[in-house]
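Next comes start_10.json, a file with JSON, C-alpha atoms.
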[["chain", "number", "residue", "atom", "x", "y", "z"],
["L", 15, "MET", "CA", -0.86, -4.78, -1.38],
["L", 16, "ASN", "CA", -1.29, -5.95, -5.00],
["L", 17, "ASN", "CA", -4.95, -6.19, -6.00],
["L", 18, "ASP", "CA", -4.00, -7.02, -9.60],
["L", 19, "ILE", "CA", -3.44, -10.60, -8.39],
["L", 20, "PHE", "CA", -6.25, -12.31, -6.51],
["L", 21, "PRO", "CA", -7.93, -15.71, -6.08],
["L", 22, "CYS", "CA", -11.05, -16.81, -7.95],
["L", 23, "LEU", "CA", -13.43, -19.37, -6.41],
["L", 24, "TRP", "CA", -15.76, -21.43, -8.61],
["L", 25, "TYR", "CA", -19.39, -21.97, -7.56],
["L", 26, "ASP", "CA", -22.47, -23.77, -8.78],
["L", 27, "GLU", "CA", -25.01, -20.93, -8.47],
["L", 28, "ASP", "CA", -24.32, -20.15, -4.77],
["L", 29, "ALA", "CA", -21.62, -17.48, -5.18],
["L", 30, "LYS", "CA", -23.88, -14.66, -3.92],
["L", 31, "GLU", "CA", -24.87, -16.61, -0.80],
["L", 32, "SER", "CA", -21.19, -17.43, -0.18],
["L", 33, "ALA", "CA", -20.12, -13.81, -0.72],
["L", 34, "GLU", "CA", -22.65, -12.62, 1.86],
["L", 35, "PHE", "CA", -21.44, -15.29, 4.30],
["L", 36, "TYR", "CA", -17.74, -14.33, 3.99],
["L", 37, "CYS", "CA", -18.54, -10.63, 4.29],
["L", 38, "LYS", "CA", -20.40, -11.41, 7.53],
["L", 39, "VAL", "CA", -17.63, -13.65, 8.92],
["L", 40, "PHE", "CA", -14.74, -11.32, 8.03],
["L", 41, "ASP", "CA", -16.55, -7.94, 8.07],
["L", 42, "GLY", "CA", -16.01, -7.52, 4.32],
["L", 43, "LYS", "CA", -18.00, -5.97, 1.50],
["L", 44, "ILE", "CA", -19.31, -6.96, -1.94],
["L", 45, "THR", "CA", -17.73, -4.67, -4.55],
["L", 46, "ALA", "CA", -19.22, -6.18, -7.74],
["L", 47, "ASP", "CA", -22.45, -8.12, -8.04],
["L", 48, "THR", "CA", -23.51, -9.72, -11.32],
["L", 49, "PRO", "CA", -25.24, -13.07, -11.99],
["L", 50, "VAL", "CA", -21.91, -14.66, -13.03],
["L", 51, "VAL", "CA", -19.18, -12.72, -11.20],
["L", 52, "LEU", "CA", -19.08, -11.30, -7.68],
["L", 53, "ASN", "CA", -16.09, -9.50, -6.21],
["L", 54, "ILE", "CA", -15.65, -9.19, -2.47],
["L", 55, "GLU", "CA", -13.12, -7.34, -0.37],
["L", 56, "LEU", "CA", -11.91, -8.88, 2.89],
["L", 57, "PHE", "CA", -9.33, -6.91, 4.91],
["L", 58, "GLY", "CA", -8.63, -4.81, 1.80],
["L", 59, "GLN", "CA", -7.97, -7.95, -0.30],
["L", 60, "LYS", "CA", -9.93, -8.76, -3.43],
["L", 61, "MET", "CA", -11.47, -12.17, -4.11],
["L", 62, "MET", "CA", -13.57, -13.14, -7.13],
["L", 63, "LEU", "CA", -16.48, -15.58, -6.84],
["L", 64, "LEU", "CA", -17.64, -17.12, -10.12],
["L", 65, "ASN", "CA", -20.94, -18.90, -10.81],
["L", 66, "GLY", "CA", -19.44, -21.33, -13.30],
["L", 67, "GLY", "CA", -21.62, -24.42, -12.92],
["L", 68, "PRO", "CA", -21.22, -27.93, -11.49],
["L", 69, "GLN", "CA", -18.00, -28.93, -13.31],
["L", 70, "PHE", "CA", -15.42, -28.21, -10.59],
["L", 71, "LYS", "CA", -15.41, -28.71, -6.82],
["L", 72, "LYS", "CA", -13.23, -26.73, -4.44],
["L", 73, "ASN", "CA", -10.83, -28.74, -2.27],
["L", 74, "ALA", "CA", -7.99, -28.38, 0.24],
["L", 75, "SER", "CA", -5.18, -28.36, -2.36],
["L", 76, "VAL", "CA", -5.67, -24.58, -2.15],
["L", 77, "SER", "CA", -6.67, -23.27, 1.27],
["L", 78, "PHE", "CA", -6.72, -19.81, 2.81],
["L", 79, "MET", "CA", -4.61, -19.02, 5.86],
["L", 80, "VAL", "CA", -6.18, -16.36, 8.08],
["L", 81, "ILE", "CA", -3.56, -14.86, 10.36],
["L", 82, "CYS", "CA", -5.03, -13.74, 13.68],
["L", 83, "GLU", "CA", -3.60, -11.52, 16.41],
["L", 84, "THR", "CA", -5.58, -12.88, 19.39],
["L", 85, "GLU", "CA", -7.13, -16.15, 20.52],
["L", 86, "ASP", "CA", -10.52, -14.44, 20.62],
["L", 87, "GLU", "CA", -10.14, -13.57, 16.93],
["L", 88, "VAL", "CA", -9.32, -17.20, 16.13],
["L", 89, "ASP", "CA", -12.45, -18.33, 17.99],
["L", 90, "LYS", "CA", -14.64, -15.71, 16.26],
["L", 91, "TYR", "CA", -13.77, -16.89, 12.75],
["L", 92, "TRP", "CA", -13.69, -20.57, 13.68],
["L", 93, "ASP", "CA", -17.11, -20.56, 15.31],
["L", 94, "GLN", "CA", -18.75, -18.91, 12.29],
["L", 95, "LEU", "CA", -17.00, -21.11, 9.70],
["L", 96, "MET", "CA", -18.11, -24.15, 11.71],
["L", 97, "ASP", "CA", -21.72, -23.47, 10.64],
["L", 98, "ASP", "CA", -22.39, -26.67, 8.64],
["L", 99, "GLY", "CA", -18.60, -26.91, 8.14],
["L", 100, "MET", "CA", -16.22, -29.83, 8.64],
["L", 101, "VAL", "CA", -13.07, -29.89, 10.78],
["L", 102, "LEU", "CA", -9.93, -31.05, 8.92],
["L", 103, "MET", "CA", -7.52, -30.34, 11.81],
["L", 104, "PRO", "CA", -8.98, -29.59, 15.27],
["L", 105, "LEU", "CA", -8.58, -26.17, 16.81],
["L", 106, "ASN", "CA", -5.70, -26.76, 19.20],
["L", 107, "SER", "CA", -2.17, -25.83, 20.22],
["L", 108, "TYR", "CA", 0.52, -27.05, 17.79],
["L", 109, "SER", "CA", 4.29, -26.64, 17.53],
["L", 110, "TRP", "CA", 3.82, -23.89, 14.93],
["L", 111, "SER", "CA", 1.00, -22.01, 16.65],
["L", 112, "LYS", "CA", -0.52, -21.66, 20.10],
["L", 113, "LYS", "CA", -3.96, -21.82, 18.49],
["L", 114, "TYR", "CA", -4.59, -23.22, 15.02],
["L", 115, "GLY", "CA", -7.22, -25.21, 13.14],
["L", 116, "TRP", "CA", -8.11, -26.19, 9.58],
["L", 117, "ILE", "CA", -11.74, -26.23, 8.52],
["L", 118, "ARG", "CA", -13.83, -26.70, 5.38],
["L", 119, "ASP", "CA", -16.83, -24.40, 5.30],
["L", 120, "LYS", "CA", -20.29, -25.22, 3.97],
["L", 121, "TYR", "CA", -19.33, -23.92, 0.50],
["L", 122, "GLY", "CA", -16.31, -26.23, 0.18],
["L", 123, "VAL", "CA", -13.63, -23.59, 0.82],
["L", 124, "THR", "CA", -10.95, -24.60, 3.32],
["L", 125, "TRP", "CA", -9.49, -22.17, 5.86],
["L", 126, "GLN", "CA", -6.47, -22.42, 8.13],
["L", 127, "ILE", "CA", -7.13, -20.21, 11.15],
["L", 128, "PHE", "CA", -3.74, -19.34, 12.63],
["L", 129, "LEU", "CA", -2.63, -17.36, 15.66],
["L", 130, "GLY", "CA", 0.74, -15.83, 14.86],
["L", 131, "GLU", "CA", 2.80, -13.20, 13.09],
["L", 132, "LYS", "CA", 1.86, -11.97, 9.63],
["L", 133, "ALA", "CA", 4.47, -12.64, 6.92],
["L", 134, "SER", "CA", 3.31, -9.55, 5.01],
["L", 135, "ASP", "CA", 0.53, -6.98, 5.10],
["L", 136, "GLN", "CA", -1.94, -9.65, 3.94],
["L", 137, "LYS", "CA", -4.24, -11.13, 6.54],
["L", 138, "ILE", "CA", -5.50, -13.87, 4.19],
["L", 139, "VAL", "CA", -2.84, -15.88, 2.36],
["L", 140, "PRO", "CA", -3.67, -18.57, -0.24],
["L", 141, "THR", "CA", -1.78, -21.79, 0.51],
["L", 142, "LEU", "CA", -0.87, -24.30, -2.21],
["L", 143, "MET", "CA", -0.45, -27.97, -1.31],
["L", 144, "PHE", "CA", 1.85, -29.93, -3.63],
["L", 145, "ILE", "CA", 0.67, -33.55, -3.56],
["L", 146, "HIS", "CA", 0.76, -36.73, -5.66],
["L", 147, "GLU", "CA", 3.21, -36.24, -8.58],
["L", 148, "ASN", "CA", 3.79, -32.67, -7.39],
["L", 149, "ASN", "CA", 4.93, -33.74, -3.93],
["L", 150, "GLY", "CA", 8.49, -32.47, -3.51],
["L", 151, "LYS", "CA", 8.03, -29.70, -6.11],
["L", 152, "ALA", "CA", 7.05, -26.83, -3.80],
["L", 153, "MET", "CA", 10.58, -25.38, -3.94],
["L", 154, "THR", "CA", 10.70, -25.73, -7.74],
["L", 155, "ALA", "CA", 7.30, -24.05, -8.01],
["L", 156, "MET", "CA", 8.36, -21.11, -5.83],
["L", 157, "GLU", "CA", 11.47, -20.62, -7.95],
["L", 158, "PHE", "CA", 9.37, -20.78, -11.15],
["L", 159, "TYR", "CA", 6.72, -18.32, -9.93],
["L", 160, "THR", "CA", 9.20, -15.81, -8.51],
["L", 161, "LYS", "CA", 11.15, -15.81, -11.80],
["L", 162, "THR", "CA", 7.93, -15.31, -13.78],
["L", 163, "PHE", "CA", 6.65, -12.27, -11.88],
["L", 164, "PRO", "CA", 8.48, -9.02, -11.02],
["L", 165, "ASN", "CA", 8.81, -7.76, -7.44],
["L", 166, "SER", "CA", 8.99, -11.36, -6.23],
["L", 167, "LYS", "CA", 10.93, -13.24, -3.60],
["L", 168, "ILE", "CA", 11.07, -16.46, -1.63],
["L", 169, "GLY", "CA", 10.69, -15.85, 2.11],
["L", 170, "ASN", "CA", 11.02, -18.19, 5.07],
["L", 171, "ILE", "CA", 11.19, -21.92, 4.34],
["L", 172, "LEU", "CA", 10.66, -24.67, 6.91],
["L", 173, "LYS", "CA", 11.59, -28.14, 5.69],
["L", 174, "TYR", "CA", 10.29, -31.32, 7.30],
["L", 175, "GLY", "CA", 13.80, -32.15, 8.46],
["L", 176, "ASP", "CA", 14.17, -28.78, 10.23],
["L", 177, "GLY", "CA", 11.55, -29.43, 12.91],
["L", 178, "SER", "CA", 12.74, -29.86, 16.47],
["L", 179, "GLU", "CA", 10.21, -32.66, 16.97],
["L", 180, "GLY", "CA", 11.45, -34.69, 14.02],
["L", 181, "HIS", "CA", 9.29, -35.28, 10.96],
["L", 182, "PRO", "CA", 6.72, -37.86, 9.86],
["L", 183, "ALA", "CA", 8.35, -40.96, 8.40],
["L", 184, "THR", "CA", 6.27, -40.51, 5.25],
["L", 185, "GLU", "CA", 7.75, -37.08, 4.51],
["L", 186, "ASP", "CA", 11.11, -36.46, 2.84],
["L", 187, "PRO", "CA", 13.18, -34.29, 5.24],
["L", 188, "GLU", "CA", 14.14, -32.04, 2.29],
["L", 189, "ASN", "CA", 10.54, -31.37, 1.31],
["L", 190, "VAL", "CA", 8.83, -28.12, 2.24],
["L", 191, "GLN", "CA", 6.64, -28.28, 5.34],
["L", 192, "HIS", "CA", 5.74, -24.61, 5.06],
["L", 193, "ALA", "CA", 7.11, -21.70, 3.01],
["L", 194, "HIS", "CA", 6.26, -18.12, 2.12],
["L", 195, "PHE", "CA", 6.79, -16.52, -1.28],
["L", 196, "VAL", "CA", 5.75, -13.30, -2.98],
["L", 197, "ILE", "CA", 4.76, -12.71, -6.63],
["L", 198, "ASP", "CA", 4.59, -9.06, -7.67],
["L", 199, "GLY", "CA", 3.86, -8.02, -4.11],
["L", 200, "TYR", "CA", 1.22, -10.72, -3.47],
["L", 201, "SER", "CA", 1.93, -13.27, -0.72],
["L", 202, "LEU", "CA", 1.31, -16.99, -0.94],
["L", 203, "PHE", "CA", 2.24, -19.98, 1.21],
["L", 204, "CYS", "CA", 2.99, -23.49, 0.02],
["L", 205, "MET", "CA", 3.78, -26.97, 1.31],
["L", 206, "ASP", "CA", 4.63, -30.47, 0.13],
["L", 207, "ASN", "CA", 2.50, -33.35, 1.37],
["L", 208, "SER", "CA", 2.92, -37.08, 0.71],
["L", 209, "TYR", "CA", -0.56, -38.18, 1.83],
["L", 210, "ASP", "CA", -2.67, -39.78, -0.92],
["L", 211, "HIS", "CA", -5.44, -37.18, -0.88],
["L", 212, "GLN", "CA", -8.48, -37.81, -3.08],
["L", 213, "PHE", "CA", -8.13, -34.38, -4.69],
["L", 214, "ASP", "CA", -5.61, -32.11, -6.41],
["L", 215, "PHE", "CA", -5.39, -28.71, -8.08],
["L", 216, "ASN", "CA", -8.31, -27.96, -10.40],
["L", 217, "GLU", "CA", -10.11, -24.96, -11.90],
["L", 218, "ALA", "CA", -12.31, -24.49, -8.81],
["L", 219, "ILE", "CA", -9.64, -22.26, -7.26],
["L", 220, "SER", "CA", -7.46, -20.22, -9.60],
["L", 221, "MET", "CA", -5.36, -17.07, -9.45],
["L", 222, "VAL", "CA", -6.36, -14.09, -11.57],
["L", 223, "VAL", "CA", -3.60, -11.83, -12.92],
["L", 224, "MET", "CA", -4.78, -8.48, -14.31],
["L", 225, "THR", "CA", -2.38, -7.26, -17.01],
["L", 226, "ASP", "CA", -1.63, -3.76, -18.26],
["L", 227, "ASP", "CA", -1.00, -4.54, -21.92],
["L", 228, "GLN", "CA", -0.48, -7.29, -24.51],
["L", 229, "GLU", "CA", 3.24, -7.59, -23.79],
["L", 230, "GLN", "CA", 2.55, -8.41, -20.15],
["L", 231, "THR", "CA", -0.30, -10.74, -21.13],
["L", 232, "ASP", "CA", 1.96, -12.61, -23.57],
["L", 233, "HIS", "CA", 4.77, -12.91, -21.02],
["L", 234, "TYR", "CA", 2.63, -14.47, -18.31],
["L", 235, "TRP", "CA", 0.71, -16.68, -20.74],
["L", 236, "ASN", "CA", 3.79, -17.99, -22.52],
["L", 237, "THR", "CA", 5.82, -18.51, -19.34],
["L", 238, "LEU", "CA", 3.10, -20.18, -17.28],
["L", 239, "THR", "CA", 2.11, -22.55, -20.11],
["L", 240, "SER", "CA", 5.76, -23.54, -20.72],
["L", 241, "SER", "CA", 7.35, -26.78, -19.47],
["L", 242, "GLY", "CA", 4.18, -28.85, -19.65],
["L", 243, "GLY", "CA", 1.51, -26.25, -18.91],
["L", 244, "LYS", "CA", -1.76, -26.27, -20.89],
["L", 245, "GLU", "CA", -3.72, -23.53, -22.61],
["L", 246, "SER", "CA", -7.44, -23.42, -21.96],
["L", 247, "MET", "CA", -10.16, -21.00, -23.07],
["L", 248, "CYS", "CA", -11.04, -17.37, -22.24],
["L", 249, "GLY", "CA", -7.70, -16.50, -20.66],
["L", 250, "TRP", "CA", -7.51, -19.64, -18.48],
["L", 251, "LEU", "CA", -4.44, -21.88, -18.37],
["L", 252, "LYS", "CA", -2.86, -24.57, -16.25],
["L", 253, "ASP", "CA", 0.82, -24.36, -15.37],
["L", 254, "GLN", "CA", 3.22, -27.31, -15.25],
["L", 255, "PHE", "CA", 1.96, -28.22, -11.75],
["L", 256, "GLY", "CA", -1.69, -28.25, -12.81],
["L", 257, "PHE", "CA", -2.49, -25.03, -10.97],
["L", 258, "SER", "CA", -4.95, -22.76, -12.79],
["L", 259, "TRP", "CA", -4.40, -19.11, -13.70],
["L", 260, "GLN", "CA", -6.54, -16.51, -15.47],
["L", 261, "ILE", "CA", -4.51, -13.94, -17.41],
["L", 262, "VAL", "CA", -6.89, -11.03, -17.91],
["L", 263, "PRO", "CA", -6.02, -7.73, -19.62],
["L", 264, "LYS", "CA", -7.55, -4.76, -17.80],
["L", 265, "ARG", "CA", -8.73, -3.54, -21.21],
["L", 266, "LEU", "CA", -11.04, -6.58, -21.45],
["L", 267, "ILE", "CA", -12.89, -5.53, -18.30],
["L", 268, "GLN", "CA", -13.19, -1.95, -19.59],
["L", 269, "LEU", "CA", -14.65, -3.08, -22.93],
["L", 270, "MET", "CA", -17.01, -5.62, -21.33],
["L", 271, "SER", "CA", -18.26, -2.85, -19.01],
["L", 272, "ASP", "CA", -19.27, -0.56, -21.88],
["L", 273, "PRO", "CA", -22.71, 0.97, -21.28],
["L", 274, "ASP", "CA", -23.72, -0.05, -24.82],
["L", 275, "PRO", "CA", -24.87, -3.68, -24.33],
["L", 276, "ILE", "CA", -24.38, -4.57, -28.00],
["L", 277, "LYS", "CA", -20.74, -3.45, -27.99],
["L", 278, "ALA", "CA", -20.11, -5.21, -24.67],
["L", 279, "GLN", "CA", -21.71, -8.41, -25.99],
["L", 280, "LYS", "CA", -19.51, -8.36, -29.12],
["L", 281, "VAL", "CA", -16.44, -8.18, -26.88],
["L", 282, "VAL", "CA", -17.68, -11.09, -24.76],
["L", 283, "GLN", "CA", -18.34, -13.18, -27.88],
["L", 284, "ALA", "CA", -14.85, -12.44, -29.22],
["L", 285, "MET", "CA", -13.30, -13.35, -25.84],
["L", 286, "MET", "CA", -15.23, -16.65, -25.73],
["L", 287, "ARG", "CA", -13.47, -17.76, -28.95],
["L", 288, "MET", "CA", -9.98, -17.04, -27.59],
["L", 289, "GLN", "CA", -7.49, -19.02, -25.59],
["L", 290, "LYS", "CA", -4.97, -16.29, -24.76],
["L", 291, "ILE", "CA", -6.72, -12.91, -24.71],
["L", 292, "VAL", "CA", -5.62, -10.71, -27.63],
["L", 293, "ILE", "CA", -6.46, -7.07, -26.93],
["L", 294, "GLU", "CA", -6.25, -5.98, -30.58],
["L", 295, "ASP", "CA", -8.92, -8.53, -31.55],
["L", 296, "LEU", "CA", -11.15, -7.37, -28.69],
["L", 297, "GLU", "CA", -10.84, -3.78, -29.94],
["L", 298, "LYS", "CA", -11.78, -4.89, -33.47],
["L", 299, "ALA", "CA", -14.87, -6.68, -32.15],
["L", 300, "TYR", "CA", -15.79, -3.61, -30.12],
["L", 301, "GLN", "CA", -15.52, -1.34, -33.16],
["L", 302, "SER", "CA", -17.35, -3.67, -35.56]]
For this file, produce the structure as structure tokens.
Amino acid sequence: MNNDIFPCLWYDEDAKESAEFYCKVFDGKITADTPVVLNIELFGQKMMLLNGGPQFKKNASVSFMVICETEDEVDKYWDQLMDDGMVLMPLNSYSWSKKYGWIRDKYGVTWQIFLGEKASDQKIVPTLMFIHENNGKAMTAMEFYTKTFPNSKIGNILKYGDGSEGHPATEDPENVQHAHFVIDGYSLFCMDNSYDHQFDFNEAISMVVMTDDQEQTDHYWNTLTSSGGKESMCGWLKDQFGFSWQIVPKRLIQLMSDPDPIKAQKVVQAMMRMQKIVIEDLEKAYQS
């Protein structure tokens, strides 16, 4: 499993409370605990929780599929996530699963609880919903992402027109109802959806990519910002579909973790002035 790629969830001062909640629900553990950043591990998978402020709200354009082996397991997670949560699709039997439901928890994160076979060794799989002007681009996005990252592939694809029960009249039969793809060993799902949802991709849920060196950093940054993507600050960017990524050299984390608070602060200040992270400039700030 690749823990150099992992999701980041944006919070307005309640990341710690949320981290404790998820660790209780999924029997996980908190692996880093600072006022701004918390890391948790659920089923051996890393997730970052960021106290960023009130700017961005999490929504169902990115949800998390939890793949369960038994109906009891489905019920266990569902019942706990229901605590002040909101049902988006009722827990029921569907054509794709004997027991499935979609729920938004009290922190705004949406979960698809699914009884079925795992597509990889991941139990939790981020799921991207391509809506509005992105509707119909799920296949294009998978091709783009799998060309950008090594050790990548497109897995099973179910199109709306493939279903034995027919497809909704609103959905193009060639659009993706559900698909699995892998980027550098990390599994994601995606789907197209024509419904006029009152949300879309934003910075509240992003994917972090930890890089080994400047060459790798440059490659991901330049490729993901191409074809209409946008550079942001501090290693953040949006790709051509509006999905947010953080391209973070591992060296940045090492320098920011220096026991000398003055050196660490100089690195943070240098990083805050950057768009793409430049390791050489971080080193200069550290040595100054």
Quick one: distance from atom CA of Val39 of chain L to atom CA of Met221 of chain L in Å, one decimal? 22.4 Å
Atom CA of Leu102 of chain L to atom CA of Ile117 of chain L, straight-line distance in Å: 5.2 Å
Minimum-distance residue to Glu147 of chain L, chosen among L:Asp206, L:Asp86, L:Asp176, L:Glu217 (using only C-alpha atoms): L:Asp206
Kindly provide, as a compact mmCIF listing (two decimals) with C-alpha atoms, keeping the file's coordinate frame, the polymer residues lying within 9 Å of (-15.8, -22.9, 4.3), counting all atoms listed in the file and using the coordinates exactly as they appear in the file.
# COMPACT_ATOMS: atom_id res chain seq x y z
CA SER L 32 -21.19 -17.43 -0.18
CA TYR L 36 -17.74 -14.33 3.99
CA LEU L 95 -17.00 -21.11 9.70
CA MET L 96 -18.11 -24.15 11.71
CA ASP L 97 -21.72 -23.47 10.64
CA ASP L 98 -22.39 -26.67 8.64
CA GLY L 99 -18.60 -26.91 8.14
CA MET L 100 -16.22 -29.83 8.64
CA ILE L 117 -11.74 -26.23 8.52
CA ARG L 118 -13.83 -26.70 5.38
CA ASP L 119 -16.83 -24.40 5.30
CA LYS L 120 -20.29 -25.22 3.97
CA TYR L 121 -19.33 -23.92 0.50
CA GLY L 122 -16.31 -26.23 0.18
CA VAL L 123 -13.63 -23.59 0.82
CA THR L 124 -10.95 -24.60 3.32
CA TRP L 125 -9.49 -22.17 5.86
Counting all atoms listed in the file, figure out which residue out of L:Pro263, L:Gly42, L:Gly256, L:Pro164 gets nearest to Lys151 of chain L.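 Smallest separation from Lys151 of chain L among the options: L:Gly256.
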Using only C-alpha atoms, find the one residue out of L:Gln254, L:Thr231, L:Asn16, L:Asn236 that sits nearest to Ile293 of chain L. L:Thr231
Atom pair atom CA of Thr48 of chain L + atom CA of Asn17 of chain L, distance 19.6 Å
Give me, as number ranges by chain, all polymer residues having an atom no more than 12 Å from Val196 of chain L, counting all atoms listed in the file and skipping those fewer than 2 positions away in the same chain. L: 15-16, 19, 133-136, 139-141, 155-170, 193-194, 198-204
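In this comparison, which uses only C-alpha atoms, the residue of L:Cys22, L:Ile138, L:Ile81, L:Val222 approaching Leu56 of chain L most closely is L:Ile138.
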If we count all atoms listed in the file and set the cut-off at 12 Å, which residues sit around Ala46 of chain L, ignoring sequence neighbours fewer than 4 positions away in its own chain? Please answer as a count of residues only. 15
Mind checking which residues fall within 9 Å of Pro68 of chain L, counting all atoms listed in the file, ignoring those fewer than 2 positions away in the same chain, and posting them as a compact mmCIF listing (two decimals) with C-alpha atoms, keeping the file's coordinate frame?
# COMPACT_ATOMS: atom_id res chain seq x y z
CA TRP L 24 -15.76 -21.43 -8.61
CA TYR L 25 -19.39 -21.97 -7.56
CA ASP L 26 -22.47 -23.77 -8.78
CA GLU L 27 -25.01 -20.93 -8.47
CA GLY L 66 -19.44 -21.33 -13.30
CA PHE L 70 -15.42 -28.21 -10.59
CA LYS L 71 -15.41 -28.71 -6.82
Expected answer as number ranges by chain: all residues with atoms within 6 Å of (14.2, -32.7, 8.3), all atoms listed in the file: L: 173-176, 187
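In terms of minimum interatomic distance to Ala152 of chain L, L:Ser208 ranks closest within L:Ser77, L:Ser208, L:Gln279, L:Ser302, counting only C-alpha atoms.
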Closest of L:Val190, L:Ile219, L:Val80, L:Val282 to Pro21 of chain L - atom-to-atom distances counting all atoms listed in the file: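 Of all the options, L:Ile219 lies closest to Pro21 of chain L.
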Shell of 12 Å around Ser107 of chain L, all atoms listed in the file, local chain residues under 5 positions omitted, as number ranges by chain: L: 85, 88, 112-115, 127-130
Dump C-alpha atoms for the selected residues as a PDB file, in the coordinates of the input?
ATOM      1  CA  GLU L  85      -7.130 -16.150  20.520  1.00  0.00           C
ATOM      2  CA  VAL L  88      -9.320 -17.200  16.130  1.00  0.00           C
ATOM      3  CA  LYS L 112      -0.520 -21.660  20.100  1.00  0.00           C
ATOM      4  CA  LYS L 113      -3.960 -21.820  18.490  1.00  0.00           C
ATOM      5  CA  TYR L 114      -4.590 -23.220  15.020  1.00  0.00           C
ATOM      6  CA  GLY L 115      -7.220 -25.210  13.140  1.00  0.00           C
ATOM      7  CA  ILE L 127      -7.130 -20.210  11.150  1.00  0.00           C
ATOM      8  CA  PHE L 128      -3.740 -19.340  12.630  1.00  0.00           C
ATOM      9  CA  LEU L 129      -2.630 -17.360  15.660  1.00  0.00           C
ATOM     10  CA  GLY L 130       0.740 -15.830  14.860  1.00  0.00           C
TER      11      GLY L 130
END
Specify the axis-aligned box that encloses all atoms of segment 199-215 of chain L listed in the file after padding of 5 Å on each side, stating its centre and edge lengths in Å to one decimal as JSON.
{"center_x": -1.9, "center_y": -23.9, "center_z": -3.1, "size_x": 23.1, "size_y": 41.8, "size_z": 19.9}
